[in-house]
Each structure stands twice: as C-alpha cells, then as structure tokens.
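> Quick one: this structure, given as structure tokens, is what I'll be asking you about.
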Amino acid sequence: MLDIKFIKENADLVQKVSEEKGYKVDVSETLKLYGEQNSILQKIESLRKERNELSALSKNSKPTEEHIKRGKEIKLEITHLEESFKKAEDDFLVSVKKIPNIYSEDVPKGKSENENVVVKTVGEIPKFKFTPKNHWQLGEAKHWIDKERATKVAGARFAYLMGDFVRLEWALMRFAMDILTDEKILKKIIKANNLKVSSKVFIPVLPPYMIKTEQYDAMDRLEPREERYKIEGEDLWLQGSAEHVLGSMHSEEIFNEADLPLRYVGFATSFRKEAGSYGKDMEGIIRLHQFNKMELESFSVKENGMQEHLFFVAIQEYLMKALELPYRVVMKCTADIGKPNARGIDIDVWLPGQNKYRETHTADYMTDYQARRLKTRVRRADNSVELIHTNDATALSERPLIAILENNQREDGTIEIPKVLRPYMLKKKFI
RNA sequence: GGUAGGGUGGGUGAGAGGCUGAAACCGACAGUCUUGAAAACUGUUAUGUCCGAAAGGGCAUCGCGAGUUCGAAUCUCGCCCCUACCGCCA
C-alpha cells in the first residue's frame with residue numbers, strides 16, 4: 001500500500017503512474033473516501049473525548065443522573081457513527097489498496113511484457129553437431145522425469161523427479177547455499193559490481209509452506225486468488241513462493257538499525273494453480289503446480305534498498321555464470337513489474353531444446369510498499385521509527401536445472417555436469 | 001485431541017470496574033560528578049493516527065474479535081497463541 005499522505009500530495013503523479021502500470025484506479029475517489037472516513041472519525045473522537053471526560057468526573061464519587069443520561073446518549077451516537085465509519089474505512093481501504101507502487105525512474109514504460117528491455121546478453125549460445133533434444137526428451141529417456149505416473153496420482157502439471165536429476169537438484173541447491181553463506185564470495189561479488197552494500201551473509205531458512213490470509217494480503221501477493229491453493233476449512237493458503245512467507249516473517253516488528261540489512265535464503269516447495277495458462281508449457285517440467293526454489297529476501301533501511309536490489313541481481317548473475325549457462329538480463333517494463341514493485345529484473349536462460357530464452361529468475365524491489373501493511377519498521381540511530389524496504393529474488397530453482405540438461409547435453413543423451421556442481425555429485429563429470 | 005494454568009511496554013512483573021498508557025524494578029539513552037571509566041544522582045525511554053507552521057493537544061491500543069456498562073487492562077462470550085500433564089506421532 002502507498003502512503004495516503006504521499007497520494008494526497010502527489011495525486012496526479014500517482015494517477016499517471018498507476019495507469020502506466022496498467023491499473024485502473026481513481027485517485028481522486030480514493031482521496032474523497034479518505035476525507036469521508038476522516039470526518040466521521042473526528043466526530044467519533046470528539047464524542048469519545050466527552051465520554052472520557054465524563055467518566056473522569058466519577059473518579060471519587062458516583063456519577064450523577066445527569067452524567068448517566070448524557071453517557072447513554074453518547075454511547076448511542078458513537079455506536080451509530082462507528083457503523084458508518086466501518087463502512088467508510090472499508091471503502092477507503094479497498095480503494096487505496098488498488099493503487100500500485102510507484103515505479104523507479106529507470107523502469108522502461110510499456111503496455112505488456114513484450115516491451116521489456118533486454119539489458120545484456122551473457123555467455124555463448126552452444127552449437128550442436130546434432131539436433132539438441134529438449135529437457136523432457138532427455139529426462140524421460142533417463143527415467144528422471146515421469147509425468148505419466150504423476151498425472152495418474154496427482155493430475156496434470158505434476159511430475160515425479162527421479163534418480164540423478166534429484167541428486168543434481170540437491171547439488172544445485174547446496175551450491176547456492178554455499179555461495180550465499182560465504183562472506184568472502186559475497187565481498188567479491190560486491191567489489192566486481194562496484195556496489196555499496198553490506199557483505200552480511202544470508203541466513204538459511206526452511207519456512208512454513210502455508211500462510212494466513214491476512215499476512216498474504218499484507219504482502220500484496222494473495223491476488224489473483226485463482227492462482228493460489230486454499231486449504232479447505234482453514235484460514236490458510238499454500239505459498240506460491242518462499243518470498244511470501246519470508247517477507248511476512250517480521251510483520252509488526254521494529255528492527256534496530258544495527259541489525260539491518262537482514263538477509264534470508266529460504267528453500268521451499270512453491271505451489272501455483274497456473275490458472276489461465278491452459279495449454280501453455282504442458283510438456284516438460286517448466287510450469288508445474290509445484291516446484292522447488294531457493295529464494296532471497298532482505299529487509300533494509302530505505303537508502304540501501306536499491307543497492308540491495310542490484311546486489312541481488314549481481315548474485316543471480318554470479319550463479320548463472322558459475323553454472324556456465326547462457327542468459328540475458330531483462331528490465332521489466334511498467335506493465336510487467338507487478339503491483340507492489342518499484343523495479344523488477346528478470347533473468348532468462350537459453351534453452352536449446354526450445355530454441356529460445358525462458359525466465360529462470362526474478363528480482364523484485366518493493367521500496368516500503370509491502371512494509372506499510374506488514375508494519376515492518378526500523379528504529380533509526382536517531383530513535384525515529386520508519387518503514388523498512390523489502391527486496392526479494394530467485395536464487396536458483398528447478399528451471400536452471402532444465403537449462404543444464406538442454407545446454408550440456410551430448411549426442412548420446414548424457415549430460416555434462418557443470419564444474420561447480422561436481423563436488424556435490426561425487427566428482428562425476430557426466431550423468 | 002483432552003485437562004489445568006497463562007498471555008500487560010525492550011525484559012521481569014503489579015493492577016482485579018472510574019484519578020491507569022498503565023506502579024516498581026531491570027535494561028537502554030542523555031546529563032551531573034570524574035583525567036577516563038565505574039558507582040551514585042537527575043532526567044528521558046511504546047506504537048499508530050488526527051488537528052496544528054510549531055509549541056502543544058485529541059483519539060485508539062494491556063493476545064485478537066464481539067458483548068455488558070454512563071465508564072473496561074479489569075466482567076461475559078468466541079477465537080488465537082503459550083506452558084504443563086495425558087493421548088497420538090516423524
């Protein structure tokens with residue numbers, strides 16, 4: 001949610017920016033609703049003041065008939081006004097929650113993801129002396145991917161992952177974990193990218209996979225609900241990304257400035273309904289209802305938020321380079337960055353089996369948009385309290401694994417293991 | 001899941017219908033003293049929100065929600081969570 005004071009002072013800007021992000025909002029209506037809510041509140045507060053004063057008169061003595069009579073009147077009026085207030089407040093909240101975050105100055109303007117801007121392309125696209133297979137042809141031949149049985153057991157968009165593929169996935173995750181918890185490597189990444197951020201390591205987290213409605217909504221990641229799995233009979237949802245349960249972890253808390261930035265690397269199986277993507281990516285394992293992912297999350301003071309975001313992208317690039325995968329960095333345009341985002345970067349990997357780039361990573365910078373409703377704050381050195389800035393980003397998921405299969409395949413269907421993963425694969429070179 | 005006891009500020013913990021946003025102590029911060037530090041003493045020390053240029057003032061918050069009452073941290077009901085024991089379980 002945006003700050004209502006900011007909206008008030010920058011109504012035209014907010015209106016314009018919301019439209020550029022593709023959201024239909026009426027800022028003047030929001031402000032009107034805020035005014036209505038406020039004027040009712042002021043009436044209530046002056047009545048409450050009278051009630052409090054009346055009640056203070058009875059501190060040593062019994063209240064007079066007069067006081068009780070007036071008190072009853074006040075009670076009735078307050079009850080009445082509170083009903084109108086509740087309605088006015090709800091209307092205001094519904095309206096203000098629709099307004100997306102302001103985007104960062106350097107975000108390209110665009111009406112759809114087609115207008116995202118490729119910032120750079122890194123790594124050589126491999127040339128094959130044979131026709132490269134896609135990951136499901138490779139995986140099924142090796143009995144690493146079994147979607148037929150998964151469909152029998154759980155339905156479409158599920159898969160059994162098996163054998164060396166599983167070992168490779170664990171190798172990948174262990175590799176990422178080792179990088180993110182090694183301060184020396186983080187320092188190297190910071191230096192190489194000329195960043196001004198703390199080199200504090202990431203704290204590994206295995207979070208809950210379920211999240212309450214209230215927390216999910218405060219994160220502004222609950223919508224669209226058709227995309228989420230609801231737990232029947234409970235006020236719980238299956239999280240769609242570890243970010244959802246990591247970001248809400250410190251809701252209602254006030255950090256000490258000295259404890260920031262606070263960085264987490266969380267591993268979680270994530271769940272998505274993939275509503276509205278019928279028929280898309282039905283083959284292979286690029287778009288399943290559940291997938292494993294290692295996610296970065298950080299909480300920082302406002303002036304460090306952007307550097308933190310750039311640091312996350314630098315980490316993503318470091319991981320992709322280490323895995324020797326060809327990729328490109330994409331700046332998402334206004335229409336594609338997402339409602340709570342101020343800025344968003346995607347990394348797409350080259351998939352020879354599909355002959356195109358596919359998204360493997362996202363990095364999101366939310367400024368204080370999420371923190372406002374989460375009530376995650378920091379006590380600064382001068383004792384003032386303010387909202388923190390949140391960042392999240394993919395570290396590694398199963399999609400880079402697909403890329404390893406397709407990019408590192410040999411004619412006989414075996415896969416060359418990236419050098420950095422071999423220590424985690426009993427030093428084997430091929431699987 | 002059952003039974004019992006609990007949830008009050010950064011911490012411990014008092015308060016059991018009105019003078020209580022809340023005692024006391026600890027911690028933290030600032031000051032006095034000191035060459036410096038400690039000790040001692042003095043002061044400050046929740047969050048949100050509204051009005052105001054500011055000074056200041058109002059309102060709300062004692063796990064959450066509803067209710068009783070002229071008046072609720074305090075009484076009633078529902079929910080959540082904690083602790084202990086029992087049951088079940090990786």
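All residue names refer to the structure tokens as shown: chains lettered A, B, ... in order, residues numbered from 1 in each chain, ligands numbered from 1 in order.
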Residues of chain B near chain A: apply a cut-off of 10 Å, count only C-alpha atoms (C1' of nucleotides), and supply the list as a ChimeraX atom specification.
/B:18-19,29,47,50-51,58-60,69-71
> Residues at most 12 Å from C85 of chain B, counting only C-alpha atoms (C1' of nucleotides), excluding those fewer than 4 positions away in the same chain, as a PyMOL selection string?
chain B and resi 2-5
> Pick out the closest residue to Gly344 of chain A from this set: A:Asp182, A:Glu257, A:Glu113, A:Asp26. Count only C-alpha atoms.
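Closest residue, counting only C-alpha atoms: A:Glu113.
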> From a backbone DSSP assignment, name each residue in segment 181-302 of chain A labelled helix (DSSP H, G or I), as JSON, numbers by chain.
{"A": [183, 184, 185, 186, 187, 188, 189, 190, 191, 192, 213, 214, 215, 216, 217, 218, 225, 226, 227, 242, 243, 244, 245, 246, 247, 257, 258, 259, 302]}
> I need the residues from that last selection saved to file as a short mmCIF file (atom, residue, chain, number, x, y, z; two decimals), in the first residue's frame (with N, CA and C atoms), if you can.

data_model
loop_
_atom_site.label_atom_id
_atom_site.label_comp_id
_atom_site.auth_asym_id
_atom_site.auth_seq_id
_atom_site.Cartn_x
_atom_site.Cartn_y
_atom_site.Cartn_z
N GLU A 183 30.88 -15.15 3.19
CA GLU A 183 31.07 -13.70 3.12
C GLU A 183 32.16 -13.31 2.13
N LYS A 184 33.17 -14.15 2.00
CA LYS A 184 34.27 -13.83 1.07
C LYS A 184 33.74 -13.72 -0.36
N ILE A 185 32.89 -14.65 -0.74
CA ILE A 185 32.35 -14.62 -2.10
C ILE A 185 31.42 -13.43 -2.28
N LEU A 186 30.63 -13.16 -1.26
CA LEU A 186 29.72 -12.00 -1.36
C LEU A 186 30.53 -10.71 -1.53
N LYS A 187 31.63 -10.61 -0.80
CA LYS A 187 32.50 -9.42 -0.93
C LYS A 187 33.03 -9.30 -2.35
N LYS A 188 33.40 -10.45 -2.92
CA LYS A 188 33.91 -10.47 -4.29
C LYS A 188 32.84 -9.96 -5.27
N ILE A 189 31.62 -10.42 -5.08
CA ILE A 189 30.52 -10.00 -5.96
C ILE A 189 30.28 -8.50 -5.82
N ILE A 190 30.32 -8.02 -4.59
CA ILE A 190 30.09 -6.59 -4.33
C ILE A 190 31.16 -5.74 -5.03
N LYS A 191 32.41 -6.20 -4.88
CA LYS A 191 33.52 -5.45 -5.45
C LYS A 191 33.45 -5.44 -6.98
N ALA A 192 33.21 -6.63 -7.55
CA ALA A 192 33.19 -6.76 -9.01
C ALA A 192 32.09 -5.89 -9.63
N THR A 213 -4.42 -15.75 5.52
CA THR A 213 -4.98 -14.77 4.57
C THR A 213 -4.47 -13.36 4.85
N GLU A 214 -4.54 -12.97 6.10
CA GLU A 214 -4.18 -11.60 6.50
C GLU A 214 -2.73 -11.27 6.11
N GLN A 215 -1.82 -12.19 6.38
CA GLN A 215 -0.41 -11.96 6.09
C GLN A 215 -0.16 -11.96 4.58
N TYR A 216 -0.84 -12.87 3.90
CA TYR A 216 -0.68 -12.98 2.45
C TYR A 216 -1.14 -11.68 1.78
N ASP A 217 -2.26 -11.18 2.27
CA ASP A 217 -2.83 -9.96 1.71
C ASP A 217 -1.93 -8.76 2.00
N ALA A 218 -1.37 -8.72 3.20
CA ALA A 218 -0.48 -7.61 3.56
C ALA A 218 0.77 -7.60 2.67
N ARG A 225 -6.34 -14.57 -6.55
CA ARG A 225 -6.58 -15.74 -5.70
C ARG A 225 -6.78 -17.02 -6.49
N GLU A 226 -7.23 -16.87 -7.74
CA GLU A 226 -7.44 -18.09 -8.56
C GLU A 226 -6.13 -18.81 -8.77
N GLU A 227 -5.03 -18.10 -8.55
CA GLU A 227 -3.72 -18.67 -8.77
C GLU A 227 -3.21 -19.42 -7.52
N ALA A 242 8.64 -18.74 -1.71
CA ALA A 242 9.17 -18.58 -0.36
C ALA A 242 9.17 -17.12 0.06
N GLU A 243 9.25 -16.25 -0.93
CA GLU A 243 9.19 -14.81 -0.67
C GLU A 243 7.96 -14.45 0.18
N HIS A 244 6.85 -15.12 -0.08
CA HIS A 244 5.61 -14.79 0.60
C HIS A 244 5.68 -15.06 2.10
N VAL A 245 6.34 -16.14 2.45
CA VAL A 245 6.45 -16.47 3.88
C VAL A 245 7.70 -15.87 4.53
N LEU A 246 8.67 -15.49 3.72
CA LEU A 246 9.87 -14.84 4.28
C LEU A 246 9.60 -13.35 4.52
N GLY A 247 8.93 -12.72 3.58
CA GLY A 247 8.66 -11.29 3.69
C GLY A 247 7.74 -10.96 4.84
N GLU A 257 18.35 -0.50 13.84
CA GLU A 257 19.08 -0.20 12.62
C GLU A 257 20.34 -1.06 12.47
N ALA A 258 21.00 -1.31 13.59
CA ALA A 258 22.25 -2.08 13.56
C ALA A 258 22.05 -3.50 13.04
N ASP A 259 20.81 -4.01 13.11
CA ASP A 259 20.55 -5.38 12.66
C ASP A 259 20.26 -5.48 11.16
N LYS A 302 15.82 2.48 4.05
CA LYS A 302 15.35 2.93 2.74
C LYS A 302 16.48 3.32 1.79
#
> Using only C-alpha atoms for the distances, tell me which of A:Gln354, A:Glu317, A:Leu387, A:Ala371 is nearest to Trp136 of chain A.
A:Gln354
> To one decimal place, how far is atom CA of Glu295 of chain A from atom CA of Arg174 of chain A in Å?
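Straight-line distance from atom CA of Glu295 of chain A to atom CA of Arg174 of chain A works out to 13.0 Å.
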> Figure out the distance between atom CA of His389 of chain A and atom CA of Asp178 of chain A, please, to one decimal in Å.
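Value for the atom CA of Asp178 of chain A-atom CA of His389 of chain A distance: 25.7 Å.
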> Would you kindly return, as a ChimeraX atom specification, each protein, DNA or RNA residue with an atom no farther than 7 Å from any atom of Asn407 of chain A, considering only C-alpha atoms (C1' of nucleotides) and excluding same-chain residues fewer than 4 positions away?
/A:126,351-352,403
> Here is a test: counting only C-alpha atoms (C1' of nucleotides), which residue of B:A53, B:C64, B:A84, B:C77 is nearest to G7 of chain B?
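Among the listed residues, the smallest separation from G7 of chain B belongs to B:C64.
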> Neighbours of G15 of chain B within 9 Å (only C-alpha atoms (C1' of nucleotides); same-chain residues fewer than 4 positions away dropped), as a PyMOL selection string?
chain B and resi 20+22-23+73-74
> Quote the spacing between atom CA of Lys8 of chain A and atom C1' of A54 of chain B in Å to one decimal place.
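Taking atom CA of Lys8 of chain A as the start and atom C1' of A54 of chain B as the end point, the length is 22.0 Å.
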> Quick one: residues within 10 Å of Ser112 of chain A, only C-alpha atoms (C1' of nucleotides), excluding same-chain residues fewer than 5 positions away - as a PyMOL selection string?
chain A and resi 21-22+332-337
> Using the selection just defined, write its residues with N, CA and C atoms as a PDB file, in the first residue's frame.

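So the final result, stored in part_13.pdb, reads:
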ATOM      1  N   LYS A  21       1.247   1.520 -15.221  1.00  0.00           N
ATOM      2  CA  LYS A  21       1.476   0.142 -14.785  1.00  0.00           C
ATOM      3  C   LYS A  21       0.298  -0.758 -15.180  1.00  0.00           C
ATOM      4  N   GLY A  22      -0.730  -0.164 -15.746  1.00  0.00           N
ATOM      5  CA  GLY A  22      -1.854  -0.961 -16.229  1.00  0.00           C
ATOM      6  C   GLY A  22      -2.933  -1.199 -15.184  1.00  0.00           C
ATOM      7  N   LYS A 332      12.218  -5.368 -16.657  1.00  0.00           N
ATOM      8  CA  LYS A 332      10.786  -5.468 -16.890  1.00  0.00           C
ATOM      9  C   LYS A 332      10.185  -4.067 -17.001  1.00  0.00           C
ATOM     10  N   CYS A 333       9.227  -3.943 -17.904  1.00  0.00           N
ATOM     11  CA  CYS A 333       8.614  -2.637 -18.127  1.00  0.00           C
ATOM     12  C   CYS A 333       7.491  -2.389 -17.124  1.00  0.00           C
ATOM     13  N   THR A 334       6.971  -1.179 -17.131  1.00  0.00           N
ATOM     14  CA  THR A 334       5.955  -0.763 -16.157  1.00  0.00           C
ATOM     15  C   THR A 334       4.784  -1.740 -16.048  1.00  0.00           C
ATOM     16  N   ALA A 335       4.398  -2.335 -17.175  1.00  0.00           N
ATOM     17  CA  ALA A 335       3.232  -3.222 -17.155  1.00  0.00           C
ATOM     18  C   ALA A 335       3.566  -4.587 -16.558  1.00  0.00           C
ATOM     19  N   ASP A 336       4.841  -4.915 -16.475  1.00  0.00           N
ATOM     20  CA  ASP A 336       5.214  -6.290 -16.109  1.00  0.00           C
ATOM     21  C   ASP A 336       5.825  -6.420 -14.720  1.00  0.00           C
ATOM     22  N   ILE A 337       6.152  -5.298 -14.065  1.00  0.00           N
ATOM     23  CA  ILE A 337       6.892  -5.436 -12.804  1.00  0.00           C
ATOM     24  C   ILE A 337       6.049  -5.871 -11.615  1.00  0.00           C
TER      25      ILE A 337
END
> Which of segment 28-241 of chain A end up as strand (DSSP E or B) when DSSP is run on this backbone - answer as a list of chain:residue names?
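Here is the list: A:Val117, A:Val118, A:Val119, A:Lys120, A:Thr121, A:Val122, A:Ile145, A:Asp146, A:Tyr160, A:Leu161, A:Ile203, A:Pro204, A:Val205, A:Met210, A:Ile211, A:Lys212, A:Tyr229, A:Lys230, A:Leu236, A:Trp237, A:Leu238.
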> Any chance you could export the current selection's N, CA and C atoms as a PDB file, in the first residue's frame?

ATOM      1  N   VAL A 117      12.858  -4.711 -21.704  1.00  0.00           N
ATOM      2  CA  VAL A 117      14.092  -4.340 -22.402  1.00  0.00           C
ATOM      3  C   VAL A 117      15.240  -5.270 -22.014  1.00  0.00           C
ATOM      4  N   VAL A 118      15.835  -5.881 -23.020  1.00  0.00           N
ATOM      5  CA  VAL A 118      16.996  -6.734 -22.758  1.00  0.00           C
ATOM      6  C   VAL A 118      18.196  -5.831 -22.493  1.00  0.00           C
ATOM      7  N   VAL A 119      18.756  -5.937 -21.314  1.00  0.00           N
ATOM      8  CA  VAL A 119      19.853  -5.065 -20.915  1.00  0.00           C
ATOM      9  C   VAL A 119      21.183  -5.618 -21.400  1.00  0.00           C
ATOM     10  N   LYS A 120      21.345  -6.918 -21.252  1.00  0.00           N
ATOM     11  CA  LYS A 120      22.576  -7.515 -21.750  1.00  0.00           C
ATOM     12  C   LYS A 120      22.402  -9.016 -21.932  1.00  0.00           C
ATOM     13  N   THR A 121      23.260  -9.552 -22.762  1.00  0.00           N
ATOM     14  CA  THR A 121      23.252 -10.976 -23.051  1.00  0.00           C
ATOM     15  C   THR A 121      24.630 -11.510 -22.684  1.00  0.00           C
ATOM     16  N   VAL A 122      24.655 -12.576 -21.932  1.00  0.00           N
ATOM     17  CA  VAL A 122      25.921 -13.088 -21.417  1.00  0.00           C
ATOM     18  C   VAL A 122      26.069 -14.572 -21.759  1.00  0.00           C
ATOM     19  N   ILE A 145      12.346 -38.007 -15.307  1.00  0.00           N
ATOM     20  CA  ILE A 145      11.078 -37.293 -15.246  1.00  0.00           C
ATOM     21  C   ILE A 145       9.967 -38.258 -15.627  1.00  0.00           C
ATOM     22  N   ASP A 146       8.995 -38.444 -14.742  1.00  0.00           N
ATOM     23  CA  ASP A 146       7.859 -39.310 -15.033  1.00  0.00           C
ATOM     24  C   ASP A 146       6.588 -38.526 -14.781  1.00  0.00           C
ATOM     25  N   TYR A 160       6.991 -36.755 -11.251  1.00  0.00           N
ATOM     26  CA  TYR A 160       7.952 -37.405 -10.374  1.00  0.00           C
ATOM     27  C   TYR A 160       9.320 -37.070 -10.934  1.00  0.00           C
ATOM     28  N   LEU A 161      10.199 -36.518 -10.097  1.00  0.00           N
ATOM     29  CA  LEU A 161      11.581 -36.290 -10.490  1.00  0.00           C
ATOM     30  C   LEU A 161      12.406 -37.354  -9.801  1.00  0.00           C
ATOM     31  N   ILE A 203      20.968 -15.780   5.955  1.00  0.00           N
ATOM     32  CA  ILE A 203      20.631 -16.795   6.951  1.00  0.00           C
ATOM     33  C   ILE A 203      19.722 -17.830   6.281  1.00  0.00           C
ATOM     34  N   PRO A 204      20.137 -19.104   6.275  1.00  0.00           N
ATOM     35  CA  PRO A 204      19.298 -20.129   5.642  1.00  0.00           C
ATOM     36  C   PRO A 204      18.007 -20.350   6.430  1.00  0.00           C
ATOM     37  N   VAL A 205      16.910 -20.514   5.694  1.00  0.00           N
ATOM     38  CA  VAL A 205      15.600 -20.696   6.331  1.00  0.00           C
ATOM     39  C   VAL A 205      14.815 -21.796   5.628  1.00  0.00           C
ATOM     40  N   MET A 210       2.637 -22.772   4.445  1.00  0.00           N
ATOM     41  CA  MET A 210       1.277 -22.222   4.471  1.00  0.00           C
ATOM     42  C   MET A 210       1.299 -20.844   5.105  1.00  0.00           C
ATOM     43  N   ILE A 211       0.332 -20.037   4.700  1.00  0.00           N
ATOM     44  CA  ILE A 211       0.307 -18.648   5.166  1.00  0.00           C
ATOM     45  C   ILE A 211      -1.129 -18.190   5.368  1.00  0.00           C
ATOM     46  N   LYS A 212      -1.344 -17.414   6.432  1.00  0.00           N
ATOM     47  CA  LYS A 212      -2.686 -16.901   6.735  1.00  0.00           C
ATOM     48  C   LYS A 212      -3.113 -15.839   5.722  1.00  0.00           C
ATOM     49  N   TYR A 229      -3.580 -21.861  -3.971  1.00  0.00           N
ATOM     50  CA  TYR A 229      -4.262 -23.012  -3.389  1.00  0.00           C
ATOM     51  C   TYR A 229      -4.723 -22.670  -1.985  1.00  0.00           C
ATOM     52  N   LYS A 230      -6.021 -22.831  -1.748  1.00  0.00           N
ATOM     53  CA  LYS A 230      -6.589 -22.549  -0.433  1.00  0.00           C
ATOM     54  C   LYS A 230      -6.710 -23.865   0.314  1.00  0.00           C
ATOM     55  N   LEU A 236      -5.941 -20.655   5.658  1.00  0.00           N
ATOM     56  CA  LEU A 236      -4.568 -20.824   5.188  1.00  0.00           C
ATOM     57  C   LEU A 236      -4.505 -21.060   3.684  1.00  0.00           C
ATOM     58  N   TRP A 237      -3.377 -20.627   3.107  1.00  0.00           N
ATOM     59  CA  TRP A 237      -3.095 -20.824   1.695  1.00  0.00           C
ATOM     60  C   TRP A 237      -1.736 -21.486   1.566  1.00  0.00           C
ATOM     61  N   LEU A 238      -1.532 -22.242   0.477  1.00  0.00           N
ATOM     62  CA  LEU A 238      -0.192 -22.737   0.182  1.00  0.00           C
ATOM     63  C   LEU A 238       0.583 -21.589  -0.469  1.00  0.00           C
TER      64      LEU A 238
END
> Give me, as a PyMOL selection string, all polymer residues having an atom no more than 8 Å from Lys98 of chain A, counting only C-alpha atoms (C1' of nucleotides) and skipping those fewer than 2 positions away in the same chain.
chain A and resi 23+25+94-96+100
> Give me the residues near Glu252 of chain A as a ChimeraX atom specification, where near means some atom within 7 Å (using only C-alpha atoms (C1' of nucleotides)) and where sequence neighbours in that chain fewer than 5 positions away do not count.
/A:374-376
